[in-house]
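As stored in upload-v8.cif (mmCIF, C-alpha atoms and all ligand atoms):
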data_target
loop_
_atom_site.group_PDB
_atom_site.id
_atom_site.type_symbol
_atom_site.label_atom_id
_atom_site.label_comp_id
_atom_site.auth_asym_id
_atom_site.auth_seq_id
_atom_site.Cartn_x
_atom_site.Cartn_y
_atom_site.Cartn_z
ATOM 1 C CA MET A 1 0.000 0.000 0.000
ATOM 2 C CA PRO A 2 1.541 3.397 -0.968
ATOM 3 C CA ALA A 3 1.835 6.269 1.536
ATOM 4 C CA LYS A 4 -1.302 8.419 1.820
ATOM 5 C CA SER A 5 -0.977 12.078 0.909
ATOM 6 C CA PHE A 6 0.743 13.919 3.750
ATOM 7 C CA ARG A 7 -0.645 17.321 2.944
ATOM 8 C CA ASP A 8 -2.207 18.959 6.038
ATOM 9 C CA ARG A 9 -1.904 15.794 8.094
ATOM 10 C CA ASP A 10 -1.290 15.896 11.858
ATOM 11 C CA VAL A 11 1.390 13.652 13.304
ATOM 12 C CA ILE A 12 0.379 13.099 16.904
ATOM 13 C CA SER A 13 1.299 9.448 17.404
ATOM 14 C CA VAL A 14 3.343 6.925 15.451
ATOM 15 C CA LYS A 15 0.056 5.104 15.067
ATOM 16 C CA ASP A 16 -0.959 7.902 12.671
ATOM 17 C CA LEU A 17 1.704 6.578 10.288
ATOM 18 C CA THR A 18 1.578 3.421 8.192
ATOM 19 C CA LYS A 19 4.707 1.498 7.274
ATOM 20 C CA ALA A 20 4.568 3.111 3.823
ATOM 21 C CA ASP A 21 4.264 6.575 5.430
ATOM 22 C CA ILE A 22 7.343 5.939 7.554
ATOM 23 C CA GLN A 23 9.312 4.681 4.565
ATOM 24 C CA LYS A 24 8.307 7.757 2.564
ATOM 25 C CA ILE A 25 9.405 10.162 5.331
ATOM 26 C CA LEU A 26 12.744 8.379 5.689
ATOM 27 C CA GLN A 27 13.298 8.479 1.936
ATOM 28 C CA VAL A 28 12.611 12.244 1.842
ATOM 29 C CA ALA A 29 14.849 12.766 4.890
ATOM 30 C CA GLN A 30 17.647 10.953 3.092
ATOM 31 C CA GLN A 31 17.187 13.155 0.002
ATOM 32 C CA LEU A 32 17.234 16.339 2.081
ATOM 33 C CA LYS A 33 20.319 15.221 3.982
ATOM 34 C CA LYS A 34 22.137 14.636 0.695
ATOM 35 C CA LYS A 35 20.801 17.671 -1.141
ATOM 36 C CA PRO A 36 19.639 20.717 0.873
ATOM 37 C CA ARG A 37 16.591 22.633 -0.463
ATOM 38 C CA PRO A 38 17.037 26.169 0.961
ATOM 39 C CA GLU A 39 13.998 27.660 -0.839
ATOM 40 C CA LEU A 40 11.510 24.822 -0.449
ATOM 41 C CA LEU A 41 9.391 26.373 2.335
ATOM 42 C CA LYS A 42 9.841 30.033 1.394
ATOM 43 C CA ASN A 43 6.932 32.150 2.746
ATOM 44 C CA LYS A 44 5.757 29.365 5.053
ATOM 45 C CA VAL A 45 5.604 30.004 8.800
ATOM 46 C CA MET A 46 5.885 27.430 11.572
ATOM 47 C CA ALA A 47 4.740 28.028 15.140
ATOM 48 C CA SER A 48 7.119 26.408 17.609
ATOM 49 C CA LEU A 49 5.180 26.104 20.854
ATOM 50 C CA PHE A 50 7.112 24.437 23.652
ATOM 51 C CA PHE A 51 5.250 24.336 26.960
ATOM 52 C CA GLU A 52 7.931 22.006 28.329
ATOM 53 C CA PRO A 53 11.756 22.232 28.143
ATOM 54 C CA SER A 54 13.568 20.983 25.055
ATOM 55 C CA THR A 55 16.898 21.449 23.344
ATOM 56 C CA ARG A 56 16.988 19.027 20.407
ATOM 57 C CA THR A 57 13.345 18.812 19.393
ATOM 58 C CA ARG A 58 12.676 22.541 19.462
ATOM 59 C CA LEU A 59 15.947 23.662 17.922
ATOM 60 C CA SER A 60 15.951 20.992 15.225
ATOM 61 C CA PHE A 61 12.342 21.794 14.279
ATOM 62 C CA GLU A 62 13.187 25.489 14.117
ATOM 63 C CA THR A 63 16.436 24.946 12.229
ATOM 64 C CA ALA A 64 14.719 22.504 9.877
ATOM 65 C CA MET A 65 12.150 25.177 8.992
ATOM 66 C CA GLU A 66 14.753 27.901 8.546
ATOM 67 C CA ARG A 67 17.106 25.749 6.491
ATOM 68 C CA LEU A 68 14.207 25.104 4.107
ATOM 69 C CA GLY A 69 13.642 28.846 3.742
ATOM 70 C CA GLY A 70 10.665 29.132 6.090
ATOM 71 C CA ARG A 71 10.182 31.283 9.174
ATOM 72 C CA VAL A 72 9.477 30.495 12.807
ATOM 73 C CA VAL A 73 7.404 32.166 15.542
ATOM 74 C CA GLY A 74 6.742 30.823 18.999
ATOM 75 C CA PHE A 75 7.927 30.388 22.548
ATOM 76 C CA ALA A 76 10.140 28.063 24.519
ATOM 77 C CA GLU A 77 8.328 28.129 27.853
ATOM 78 C CA ALA A 78 4.691 28.178 28.867
ATOM 79 C CA GLY A 79 5.160 31.158 31.220
ATOM 80 C CA VAL A 80 5.420 33.667 28.372
ATOM 81 C CA SER A 81 2.205 32.494 26.667
ATOM 82 C CA SER A 82 -1.368 33.321 27.645
ATOM 83 C CA SER A 83 -1.706 29.844 29.179
ATOM 84 C CA SER A 84 -0.263 31.589 32.274
ATOM 85 C CA LYS A 85 -3.451 33.730 32.298
ATOM 86 C CA GLY A 86 -5.635 30.629 32.166
ATOM 87 C CA GLU A 87 -6.265 30.375 28.414
ATOM 88 C CA SER A 88 -7.194 26.873 27.305
ATOM 89 C CA LEU A 89 -4.922 24.980 24.956
ATOM 90 C CA TYR A 90 -7.861 24.602 22.558
ATOM 91 C CA ASP A 91 -8.391 28.382 22.287
ATOM 92 C CA ALA A 92 -4.692 29.132 22.000
ATOM 93 C CA MET A 93 -4.153 26.621 19.203
ATOM 94 C CA LYS A 94 -7.227 27.791 17.324
ATOM 95 C CA ILE A 95 -5.772 31.303 17.250
ATOM 96 C CA VAL A 96 -2.210 30.247 16.414
ATOM 97 C CA GLY A 97 -3.578 28.132 13.558
ATOM 98 C CA GLN A 98 -4.951 31.369 12.039
ATOM 99 C CA TYR A 99 -1.446 32.881 11.968
ATOM 100 C CA VAL A 100 0.775 30.089 10.700
ATOM 101 C CA ASP A 101 0.973 27.190 8.244
ATOM 102 C CA VAL A 102 2.123 24.430 10.600
ATOM 103 C CA ILE A 103 2.484 23.951 14.357
ATOM 104 C CA ALA A 104 5.221 22.011 16.155
ATOM 105 C CA MET A 105 4.478 21.649 19.848
ATOM 106 C CA ARG A 106 5.499 19.988 23.106
ATOM 107 C CA HIS A 107 3.313 19.886 26.200
ATOM 108 C CA PRO A 108 3.583 18.093 29.558
ATOM 109 C CA VAL A 109 0.037 16.694 29.440
ATOM 110 C CA GLU A 110 -0.703 13.413 27.664
ATOM 111 C CA GLY A 111 -3.285 13.891 24.924
ATOM 112 C CA SER A 112 -2.584 17.631 24.596
ATOM 113 C CA ALA A 113 -1.270 17.394 21.039
ATOM 114 C CA ARG A 114 -4.412 15.522 19.944
ATOM 115 C CA ARG A 115 -6.541 18.197 21.647
ATOM 116 C CA ALA A 116 -4.555 20.924 19.874
ATOM 117 C CA ALA A 117 -5.078 19.217 16.518
ATOM 118 C CA GLU A 118 -8.845 19.248 17.075
ATOM 119 C CA SER A 119 -8.826 23.034 17.331
ATOM 120 C CA THR A 120 -7.145 23.875 14.008
ATOM 121 C CA ASP A 121 -7.036 22.693 10.408
ATOM 122 C CA LYS A 122 -3.309 23.421 10.238
ATOM 123 C CA PRO A 123 -1.042 20.392 10.652
ATOM 124 C CA VAL A 124 0.069 19.773 14.237
ATOM 125 C CA LEU A 125 3.340 17.896 14.785
ATOM 126 C CA ASN A 126 3.714 16.432 18.260
ATOM 127 C CA GLY A 127 7.143 17.065 19.762
ATOM 128 C CA GLY A 128 6.220 15.101 22.888
ATOM 129 C CA ASP A 129 3.086 15.026 25.073
ATOM 130 C CA GLY A 130 3.840 14.005 28.644
ATOM 131 C CA ALA A 131 4.823 10.345 28.942
ATOM 132 C CA ASN A 132 2.696 9.462 25.924
ATOM 133 C CA GLN A 133 4.241 9.837 22.456
ATOM 134 C CA HIS A 134 7.187 11.436 20.649
ATOM 135 C CA PRO A 135 6.620 10.450 17.017
ATOM 136 C CA THR A 136 9.148 12.765 15.388
ATOM 137 C CA GLN A 137 11.846 11.354 17.665
ATOM 138 C CA THR A 138 10.893 7.922 16.363
ATOM 139 C CA LEU A 139 11.312 9.081 12.784
ATOM 140 C CA LEU A 140 14.851 10.259 13.456
ATOM 141 C CA ASP A 141 15.519 7.076 15.444
ATOM 142 C CA LEU A 142 14.398 4.898 12.527
ATOM 143 C CA PHE A 143 16.398 7.037 10.123
ATOM 144 C CA SER A 144 19.481 6.512 12.323
ATOM 145 C CA ILE A 145 18.845 2.783 12.684
ATOM 146 C CA TYR A 146 18.592 2.473 8.904
ATOM 147 C CA GLU A 147 21.766 4.529 8.439
ATOM 148 C CA THR A 148 23.732 2.255 10.763
ATOM 149 C CA GLN A 149 22.254 -1.155 9.918
ATOM 150 C CA LYS A 150 21.337 -0.612 6.233
ATOM 151 C CA LYS A 151 17.949 -2.183 6.973
ATOM 152 C CA LEU A 152 15.009 -1.869 9.351
ATOM 153 C CA ASN A 153 13.608 -5.371 9.103
ATOM 154 C CA GLY A 154 14.379 -8.151 11.521
ATOM 155 C CA LEU A 155 16.646 -6.313 13.969
ATOM 156 C CA GLU A 156 17.239 -7.143 17.629
ATOM 157 C CA VAL A 157 16.639 -3.975 19.620
ATOM 158 C CA ALA A 158 17.099 -3.478 23.369
ATOM 159 C CA MET A 159 15.511 -0.518 25.150
ATOM 160 C CA VAL A 160 17.022 0.291 28.524
ATOM 161 C CA GLY A 161 16.082 2.512 31.451
ATOM 162 C CA ASP A 162 12.849 4.342 32.116
ATOM 163 C CA LEU A 163 10.452 2.498 29.841
ATOM 164 C CA LYS A 164 7.421 3.508 31.901
ATOM 165 C CA TYR A 165 7.660 7.276 31.483
ATOM 166 C CA GLY A 166 9.911 7.429 28.414
ATOM 167 C CA ARG A 167 7.700 8.522 25.528
ATOM 168 C CA THR A 168 10.476 7.912 22.984
ATOM 169 C CA VAL A 169 10.476 4.175 23.679
ATOM 170 C CA HIS A 170 6.674 3.995 23.572
ATOM 171 C CA SER A 171 6.690 5.472 20.089
ATOM 172 C CA LEU A 172 9.709 3.479 18.904
ATOM 173 C CA ALA A 173 8.347 0.121 20.113
ATOM 174 C CA SER A 174 5.073 0.779 18.281
ATOM 175 C CA ALA A 175 6.844 1.801 15.087
ATOM 176 C CA LEU A 176 9.125 -1.241 15.116
ATOM 177 C CA THR A 177 6.081 -3.508 14.932
ATOM 178 C CA HIS A 178 6.038 -2.660 11.212
ATOM 179 C CA PHE A 179 9.506 -4.097 10.754
ATOM 180 C CA GLY A 180 9.431 -7.444 12.543
ATOM 181 C CA ALA A 181 11.918 -6.437 15.221
ATOM 182 C CA ARG A 182 12.654 -8.593 18.232
ATOM 183 C CA LEU A 183 12.489 -6.337 21.288
ATOM 184 C CA HIS A 184 14.195 -6.633 24.680
ATOM 185 C CA PHE A 185 13.067 -4.336 27.483
ATOM 186 C CA VAL A 186 15.596 -3.755 30.270
ATOM 187 C CA ALA A 187 14.215 -1.842 33.255
ATOM 188 C CA PRO A 188 13.635 -2.091 36.990
ATOM 189 C CA GLU A 189 10.205 -3.637 37.565
ATOM 190 C CA MET A 190 8.645 -0.297 38.538
ATOM 191 C CA LEU A 191 9.808 1.301 35.262
ATOM 192 C CA GLN A 192 9.005 -1.511 32.816
ATOM 193 C CA MET A 193 7.210 -0.940 29.541
ATOM 194 C CA PRO A 194 3.503 -0.145 30.151
ATOM 195 C CA SER A 195 1.114 -3.041 29.682
ATOM 196 C CA TYR A 196 -0.779 -1.259 26.898
ATOM 197 C CA ILE A 197 2.382 -1.311 24.765
ATOM 198 C CA LEU A 198 3.041 -4.978 25.597
ATOM 199 C CA GLU A 199 -0.561 -5.789 24.626
ATOM 200 C CA GLU A 200 -0.043 -4.039 21.294
ATOM 201 C CA LEU A 201 3.103 -6.100 20.667
ATOM 202 C CA LYS A 202 1.289 -9.330 21.523
ATOM 203 C CA ALA A 203 -1.599 -8.450 19.227
ATOM 204 C CA LYS A 204 0.874 -7.838 16.396
ATOM 205 C CA LYS A 205 2.800 -11.050 17.213
ATOM 206 C CA ILE A 206 6.046 -9.156 17.926
ATOM 207 C CA LYS A 207 8.457 -11.146 20.069
ATOM 208 C CA TYR A 208 9.708 -9.369 23.183
ATOM 209 C CA SER A 209 11.418 -10.194 26.463
ATOM 210 C CA LEU A 210 11.699 -8.413 29.819
ATOM 211 C CA HIS A 211 14.989 -8.046 31.713
ATOM 212 C CA GLU A 212 16.560 -6.238 34.637
ATOM 213 C CA GLU A 213 20.224 -6.357 33.530
ATOM 214 C CA ILE A 214 21.900 -4.973 30.388
ATOM 215 C CA ASP A 215 24.306 -7.927 30.336
ATOM 216 C CA GLU A 216 21.408 -10.310 29.659
ATOM 217 C CA VAL A 217 20.935 -8.856 26.166
ATOM 218 C CA ILE A 218 23.803 -6.630 25.093
ATOM 219 C CA ASN A 219 25.834 -9.249 23.224
ATOM 220 C CA LYS A 220 23.002 -10.252 20.926
ATOM 221 C CA VAL A 221 21.431 -6.940 19.918
ATOM 222 C CA ASP A 222 21.966 -4.645 16.936
ATOM 223 C CA ILE A 223 20.668 -1.520 18.668
ATOM 224 C CA LEU A 224 20.989 -0.639 22.354
ATOM 225 C CA TYR A 225 18.624 2.252 23.023
ATOM 226 C CA MET A 226 19.479 3.861 26.349
ATOM 227 C CA THR A 227 17.066 6.282 28.057
ATOM 228 C CA ARG A 228 17.160 8.773 30.890
ATOM 229 C CA ILE A 229 15.221 8.168 34.101
ATOM 230 C CA GLN A 230 12.523 10.827 33.747
ATOM 231 C CA LYS A 231 12.870 12.677 37.046
ATOM 232 C CA GLU A 232 10.152 15.185 36.168
ATOM 233 C CA ARG A 233 7.466 12.471 35.878
ATOM 234 C CA PHE A 234 7.990 10.808 39.284
ATOM 235 C CA THR A 235 5.395 11.638 41.933
ATOM 236 C CA ASP A 236 7.574 10.299 44.775
ATOM 237 C CA PRO A 237 11.144 11.740 44.851
ATOM 238 C CA LEU A 238 12.306 8.665 46.801
ATOM 239 C CA ASP A 239 11.307 6.434 43.888
ATOM 240 C CA TYR A 240 13.462 8.597 41.637
ATOM 241 C CA GLU A 241 16.422 8.348 44.029
ATOM 242 C CA ARG A 242 16.093 4.556 43.963
ATOM 243 C CA ALA A 243 15.891 4.395 40.174
ATOM 244 C CA LYS A 244 18.464 6.979 39.102
ATOM 245 C CA ASP A 245 21.832 5.604 38.006
ATOM 246 C CA VAL A 246 20.464 2.064 37.903
ATOM 247 C CA TYR A 247 21.937 1.635 34.407
ATOM 248 C CA VAL A 248 25.241 3.224 33.460
ATOM 249 C CA LEU A 249 26.681 1.889 30.225
ATOM 250 C CA THR A 250 30.494 1.690 30.305
ATOM 251 C CA LYS A 251 33.177 0.488 27.876
ATOM 252 C CA ASP A 252 33.349 -2.798 29.800
ATOM 253 C CA HIS A 253 29.797 -3.625 28.708
ATOM 254 C CA LEU A 254 30.930 -3.387 25.060
ATOM 255 C CA ALA A 255 33.723 -5.978 25.241
ATOM 256 C CA LYS A 256 31.826 -8.774 23.454
ATOM 257 C CA VAL A 257 29.081 -6.981 21.548
ATOM 258 C CA LYS A 258 28.271 -7.449 17.865
ATOM 259 C CA LYS A 259 30.436 -5.329 15.579
ATOM 260 C CA ASN A 260 27.373 -3.612 14.138
ATOM 261 C CA LEU A 261 25.931 -2.708 17.555
ATOM 262 C CA ARG A 262 25.079 0.943 17.802
ATOM 263 C CA VAL A 263 24.272 2.662 21.076
ATOM 264 C CA MET A 264 21.493 5.189 20.722
ATOM 265 C CA HIS A 265 19.927 7.619 23.194
ATOM 266 C CA PRO A 266 17.300 10.291 22.531
ATOM 267 C CA LEU A 267 19.284 12.614 24.855
ATOM 268 C CA PRO A 268 19.641 14.466 27.105
ATOM 269 C CA ARG A 269 21.759 11.952 28.994
ATOM 270 C CA VAL A 270 22.415 12.302 32.673
ATOM 271 C CA ASN A 271 24.548 9.323 33.780
ATOM 272 C CA GLU A 272 23.192 6.529 31.579
ATOM 273 C CA ILE A 273 26.194 6.396 29.249
ATOM 274 C CA ALA A 274 29.701 6.971 30.588
ATOM 275 C CA THR A 275 31.520 9.545 28.471
ATOM 276 C CA GLU A 276 34.231 6.947 27.748
ATOM 277 C CA VAL A 277 31.691 5.247 25.438
ATOM 278 C CA ASP A 278 31.521 8.354 23.221
ATOM 279 C CA ALA A 279 34.802 7.563 21.456
ATOM 280 C CA THR A 280 33.923 3.924 20.694
ATOM 281 C CA PRO A 281 32.680 2.938 17.226
ATOM 282 C CA HIS A 282 29.404 1.853 18.841
ATOM 283 C CA ALA A 283 28.322 5.334 19.976
ATOM 284 C CA TYR A 284 25.764 6.902 17.632
ATOM 285 C CA TYR A 285 23.736 9.271 19.829
ATOM 286 C CA PHE A 286 25.248 12.515 18.576
ATOM 287 C CA GLU A 287 24.723 11.573 14.907
ATOM 288 C CA GLN A 288 21.227 10.431 15.910
ATOM 289 C CA ALA A 289 20.459 13.913 17.275
ATOM 290 C CA GLU A 290 21.738 15.510 14.054
ATOM 291 C CA ASN A 291 19.338 13.343 12.078
ATOM 292 C CA GLY A 292 16.451 15.112 13.822
ATOM 293 C CA LEU A 293 17.091 17.964 11.456
ATOM 294 C CA TYR A 294 16.511 15.850 8.335
ATOM 295 C CA ALA A 295 13.582 13.831 9.682
ATOM 296 C CA ARG A 296 11.809 17.037 10.712
ATOM 297 C CA GLN A 297 12.644 18.771 7.430
ATOM 298 C CA ALA A 298 11.062 15.844 5.622
ATOM 299 C CA LEU A 299 7.928 15.968 7.722
ATOM 300 C CA LEU A 300 7.536 19.739 7.315
ATOM 301 C CA ALA A 301 8.007 19.545 3.534
ATOM 302 C CA LEU A 302 5.471 16.712 3.272
ATOM 303 C CA VAL A 303 2.694 18.135 5.471
ATOM 304 C CA LEU A 304 3.056 21.505 3.757
ATOM 305 C CA GLY A 305 2.583 19.781 0.406
ATOM 306 C CA LYS A 306 5.947 20.884 -1.021
ATOM 307 C CA ILE A 307 7.128 17.331 -1.590
ATOM 308 C CA LYS A 308 4.595 14.752 -2.741
HETATM 309 N N1 LIG A 401 15.229 13.875 22.440
HETATM 310 C C1 LIG A 401 14.587 14.950 22.902
HETATM 311 O O1 LIG A 401 13.350 14.995 22.884
HETATM 312 O O2 LIG A 401 15.388 15.931 23.397
HETATM 313 P P1 LIG A 401 14.904 17.350 23.917
HETATM 314 O O3 LIG A 401 14.123 17.107 25.186
HETATM 315 O O4 LIG A 401 16.144 18.147 24.131
HETATM 316 O O5 LIG A 401 14.001 17.928 22.876
#
Output the file's structure as structure tokens, nothing else.
Ligand code: CP
Amino acid sequence: MPAKSFRDRDVISVKDLTKADIQKILQVAQQLKKKPRPELLKNKVMASLFFEPSTRTRLSFETAMERLGGRVVGFAEAGVSSSSKGESLYDAMKIVGQYVDVIAMRHPVEGSARRAAESTDKPVLNGGDGANQHPTQTLLDLFSIYETQKKLNGLEVAMVGDLKYGRTVHSLASALTHFGARLHFVAPEMLQMPSYILEELKAKKIKYSLHEEIDEVINKVDILYMTRIQKERFTDPLDYERAKDVYVLTKDHLAKVKKNLRVMHPLPRVNEIATEVDATPHAYYFEQAENGLYARQALLALVLGKIK
């Protein structure tokens, strides 16, 4: 089945994207990485509305737009918007949609991006809603996996750390169901992958296993996807103290790994990957972050109808 037209589409969850859609976005991202198109989005305006902190997602969305010749308006913290006066997200997005051509947003509340999309006909691109979804991160993750493994099908992928609150792993696990991956989830019991994701994997007959130690899986996987323990989502600070630093990847862990293993991380990292890993051939998290630029350029060009 070919990809549906992207024009004016919202991307709120990876479930909004078919396998063909994902392949199309990755193909366009590859083209734009190879051959920049500095005039493609001339006269288009993107609103960049970040109600929650971000470095990579916000700056790569904004740079993506500007490098394609478009312009950016917006804010990087909720306190400077009228949400601080009590304005509803619905009202705010309805108004912003009258000013711009596309909206990239991040918000701490799960479901907020979907709510925003209901208020405007302009495409809304979810840059993360609470612990729910981070679909554009998944696009750059898949792009990076393809770059390093030369395929997406049939890979062994381990996800490590805070799988309960980590929206990047929720989106990535869902997306990998299209590609017959075998998944290994490494987390303390209290931070394991939510049951609704495991149910989705079962329904799609995706093989997965649950672990508490990195050593149980590291020598057999192609991708080791480390994540940060999401301090901001814990209700009990003592739980965070117990969970933080539970996984710290060091060079010793890499002694017997597959040659093609790549270590990925959506970043920011705190202590999950020792800096000594950065210089190994397995580290790929900085290149991964760069790829956010191309994945987001592709998505912007597609939803604005400038690439078909
Ligand atoms: N990966 C990611 O979402 O990073 P930021 O929080 O810096 O946007």
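Using only C-alpha atoms, the protein and nucleic acid residues lying no more than 7 Å from range 107-120 of chain A, apart from those fewer than 4 places from it along its own chain, are Asp10, Ile12, Phe50, Phe51, Glu52, Leu89, Tyr90, Met93, Lys94, Gly97, Val124, Asn126, Gly128, Asp129, Gly130, Ala131 and Asn132 of chain A.
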Using all atoms listed in the file, which residues of range 216-245 of chain A come within 10 Å of range 157-177 of chain A, and what is the closest atom pair for each, with the distance in Å to one decimal? Give it as JSON lines, sorted by chain and residue number.
{"residue": "A:Val217", "atom": "CA", "partner": "A:Ala158", "partner_atom": "CA", "distance": 7.2}
{"residue": "A:Ile218", "atom": "CA", "partner": "A:Ala158", "partner_atom": "CA", "distance": 7.6}
{"residue": "A:Lys220", "atom": "CA", "partner": "A:Val157", "partner_atom": "CA", "distance": 9.0}
{"residue": "A:Val221", "atom": "CA", "partner": "A:Val157", "partner_atom": "CA", "distance": 5.6}
{"residue": "A:Asp222", "atom": "CA", "partner": "A:Val157", "partner_atom": "CA", "distance": 6.0}
{"residue": "A:Ile223", "atom": "CA", "partner": "A:Val157", "partner_atom": "CA", "distance": 4.8}
{"residue": "A:Leu224", "atom": "CA", "partner": "A:Ala158", "partner_atom": "CA", "distance": 4.9}
{"residue": "A:Tyr225", "atom": "CA", "partner": "A:Met159", "partner_atom": "CA", "distance": 4.7}
{"residue": "A:Met226", "atom": "CA", "partner": "A:Val160", "partner_atom": "CA", "distance": 4.8}
{"residue": "A:Thr227", "atom": "CA", "partner": "A:Gly161", "partner_atom": "CA", "distance": 5.2}
{"residue": "A:Arg228", "atom": "CA", "partner": "A:Asp162", "partner_atom": "CA", "distance": 6.3}
{"residue": "A:Ile229", "atom": "CA", "partner": "A:Asp162", "partner_atom": "CA", "distance": 4.9}
{"residue": "A:Gln230", "atom": "CA", "partner": "A:Tyr165", "partner_atom": "CA", "distance": 6.4}
{"residue": "A:Lys231", "atom": "CA", "partner": "A:Tyr165", "partner_atom": "CA", "distance": 9.3}
{"residue": "A:Glu232", "atom": "CA", "partner": "A:Tyr165", "partner_atom": "CA", "distance": 9.5}
{"residue": "A:Arg233", "atom": "CA", "partner": "A:Tyr165", "partner_atom": "CA", "distance": 6.8}
{"residue": "A:Phe234", "atom": "CA", "partner": "A:Tyr165", "partner_atom": "CA", "distance": 8.6}
{"residue": "A:Ala243", "atom": "CA", "partner": "A:Asp162", "partner_atom": "CA", "distance": 8.6}
{"residue": "A:Lys244", "atom": "CA", "partner": "A:Gly161", "partner_atom": "CA", "distance": 9.2}
{"residue": "A:Asp245", "atom": "CA", "partner": "A:Gly161", "partner_atom": "CA", "distance": 9.3}
Within 7 Å of ligand LIG 401 (chain A) (counting only C-alpha atoms and all ligand atoms), which residues show up? I'd like them as a PDB file with C-alpha atoms, in the coordinates of the input.
ATOM      1  CA  PRO A  53      11.756  22.232  28.143  1.00  0.00           C
ATOM      2  CA  SER A  54      13.568  20.983  25.055  1.00  0.00           C
ATOM      3  CA  THR A  55      16.898  21.449  23.344  1.00  0.00           C
ATOM      4  CA  ARG A  56      16.988  19.027  20.407  1.00  0.00           C
ATOM      5  CA  THR A  57      13.345  18.812  19.393  1.00  0.00           C
ATOM      6  CA  ARG A  58      12.676  22.541  19.462  1.00  0.00           C
ATOM      7  CA  GLN A 137      11.846  11.354  17.665  1.00  0.00           C
ATOM      8  CA  PRO A 266      17.300  10.291  22.531  1.00  0.00           C
ATOM      9  CA  LEU A 267      19.284  12.614  24.855  1.00  0.00           C
ATOM     10  CA  PRO A 268      19.641  14.466  27.105  1.00  0.00           C
TER      11      PRO A 268
END
- Using the chain letters and numbering of this document, enumerate as a ChimeraX atom specification the residues selected by the PyMOL selection byres (((chain A and resi 140) around 6) and not hetatm). /A:137-139,141-143,291-292,295
- Message: I'd like the interatomic distance between CA of Ala92 in chain A and CA of Val45 in chain A, to a tenth of an Å.
- Response: 16.8 Å
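Taking all atoms listed in the file into account, Ala274 in chain A lies nearest to A:Thr250 out of the set A:Gln23, A:Gln297, A:Thr250, A:Ser83.
We find CA of Glu77 in chain A and CA of Leu125 in chain A to be spaced 17.3 Å apart.
Distances from A:Ala104, A:Val246, A:Leu191, A:Ala3 to Ser48 in chain A were compared using all atoms listed in the file, and the smallest one belongs to A:Ala104.
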- Task: Would you translate the PyMOL selection byres (((chain A and resi 207-215) around 9) and not hetatm) into the concrete set of residues it matches in this file, as a PyMOL selection string?
- Result: chain A and resi 158+160+180-189+192-193+198+201-202+205-206+216-219+247+249+253
- Carefully work through the PyMOL selection byres (((chain A and resi 43) around 10) and not hetatm) for this structure and note down the residues it includes, as a VMD selection string. chain A and resid 39 to 42 44 to 45 69 to 71 101
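CA of Gln30 in chain A lies 25.4 Å from CA of Lys122 in chain A.
Remark: for Glu276 in chain A, the closest of the candidate residues A:Arg262, A:Asp252, A:Gln288, A:Leu152 is A:Asp252 (distances computed over all atoms listed in the file).
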- Between A:Val11, A:Val80, A:Ala20, A:Leu261, single out the one closest to Glu156 in chain A, counting only C-alpha atoms. A:Leu261
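You can rank A:Ile145, A:Leu59, A:Leu49, A:Ala78 by their closest distance to Met105 in chain A using only C-alpha atoms, and at the top of that list sits A:Leu49.
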Could you give me, as a short mmCIF file (atom, residue, chain, number, x, y, z; two decimals) with C-alpha atoms, in the frame of the given file, the residues within 9 Å of Leu300 in chain A, counting only C-alpha atoms and dropping anything in the same chain fewer than 4 positions from it?
data_model
loop_
_atom_site.label_atom_id
_atom_site.label_comp_id
_atom_site.auth_asym_id
_atom_site.auth_seq_id
_atom_site.Cartn_x
_atom_site.Cartn_y
_atom_site.Cartn_z
CA LEU A 41 9.39 26.37 2.34
CA MET A 46 5.88 27.43 11.57
CA PHE A 61 12.34 21.79 14.28
CA ALA A 64 14.72 22.50 9.88
CA MET A 65 12.15 25.18 8.99
CA VAL A 102 2.12 24.43 10.60
CA LEU A 125 3.34 17.90 14.78
CA ALA A 295 13.58 13.83 9.68
CA ARG A 296 11.81 17.04 10.71
CA LEU A 304 3.06 21.50 3.76
CA GLY A 305 2.58 19.78 0.41
CA LYS A 306 5.95 20.88 -1.02
#
With all atoms of range 173-178 of chain A from the file as input, state the centre and edge lengths in Å to one decimal of the axis-aligned box that has 5 Å extra on each side, as lines of an AutoDock Vina configuration file.
center_x = 7.1
center_y = -0.9
center_z = 15.7
size_x = 14.1
size_y = 15.3
size_z = 18.9
Kindly complete range 235-239 of chain A to N, CA, C and O atoms; the output should be written as a PDB file, in the frame of the given file.
ATOM      1  N   THR A 235       6.179  10.938  40.912  1.00  0.00           N
ATOM      2  CA  THR A 235       5.395  11.638  41.933  1.00  0.00           C
ATOM      3  C   THR A 235       6.091  11.543  43.289  1.00  0.00           C
ATOM      4  O   THR A 235       5.936  12.416  44.129  1.00  0.00           O
ATOM      5  N   ASP A 236       6.878  10.477  43.502  1.00  0.00           N
ATOM      6  CA  ASP A 236       7.574  10.299  44.775  1.00  0.00           C
ATOM      7  C   ASP A 236       9.088  10.457  44.538  1.00  0.00           C
ATOM      8  O   ASP A 236       9.704   9.613  43.876  1.00  0.00           O
ATOM      9  N   PRO A 237       9.703  11.514  45.093  1.00  0.00           N
ATOM     10  CA  PRO A 237      11.144  11.740  44.851  1.00  0.00           C
ATOM     11  C   PRO A 237      12.005  10.569  45.331  1.00  0.00           C
ATOM     12  O   PRO A 237      13.084  10.325  44.774  1.00  0.00           O
ATOM     13  N   LEU A 238      11.521   9.814  46.324  1.00  0.00           N
ATOM     14  CA  LEU A 238      12.306   8.665  46.801  1.00  0.00           C
ATOM     15  C   LEU A 238      12.384   7.573  45.738  1.00  0.00           C
ATOM     16  O   LEU A 238      13.402   6.899  45.588  1.00  0.00           O
ATOM     17  N   ASP A 239      11.293   7.407  44.992  1.00  0.00           N
ATOM     18  CA  ASP A 239      11.307   6.434  43.888  1.00  0.00           C
ATOM     19  C   ASP A 239      12.364   6.834  42.862  1.00  0.00           C
ATOM     20  O   ASP A 239      13.082   6.001  42.324  1.00  0.00           O
TER      21      ASP A 239
END
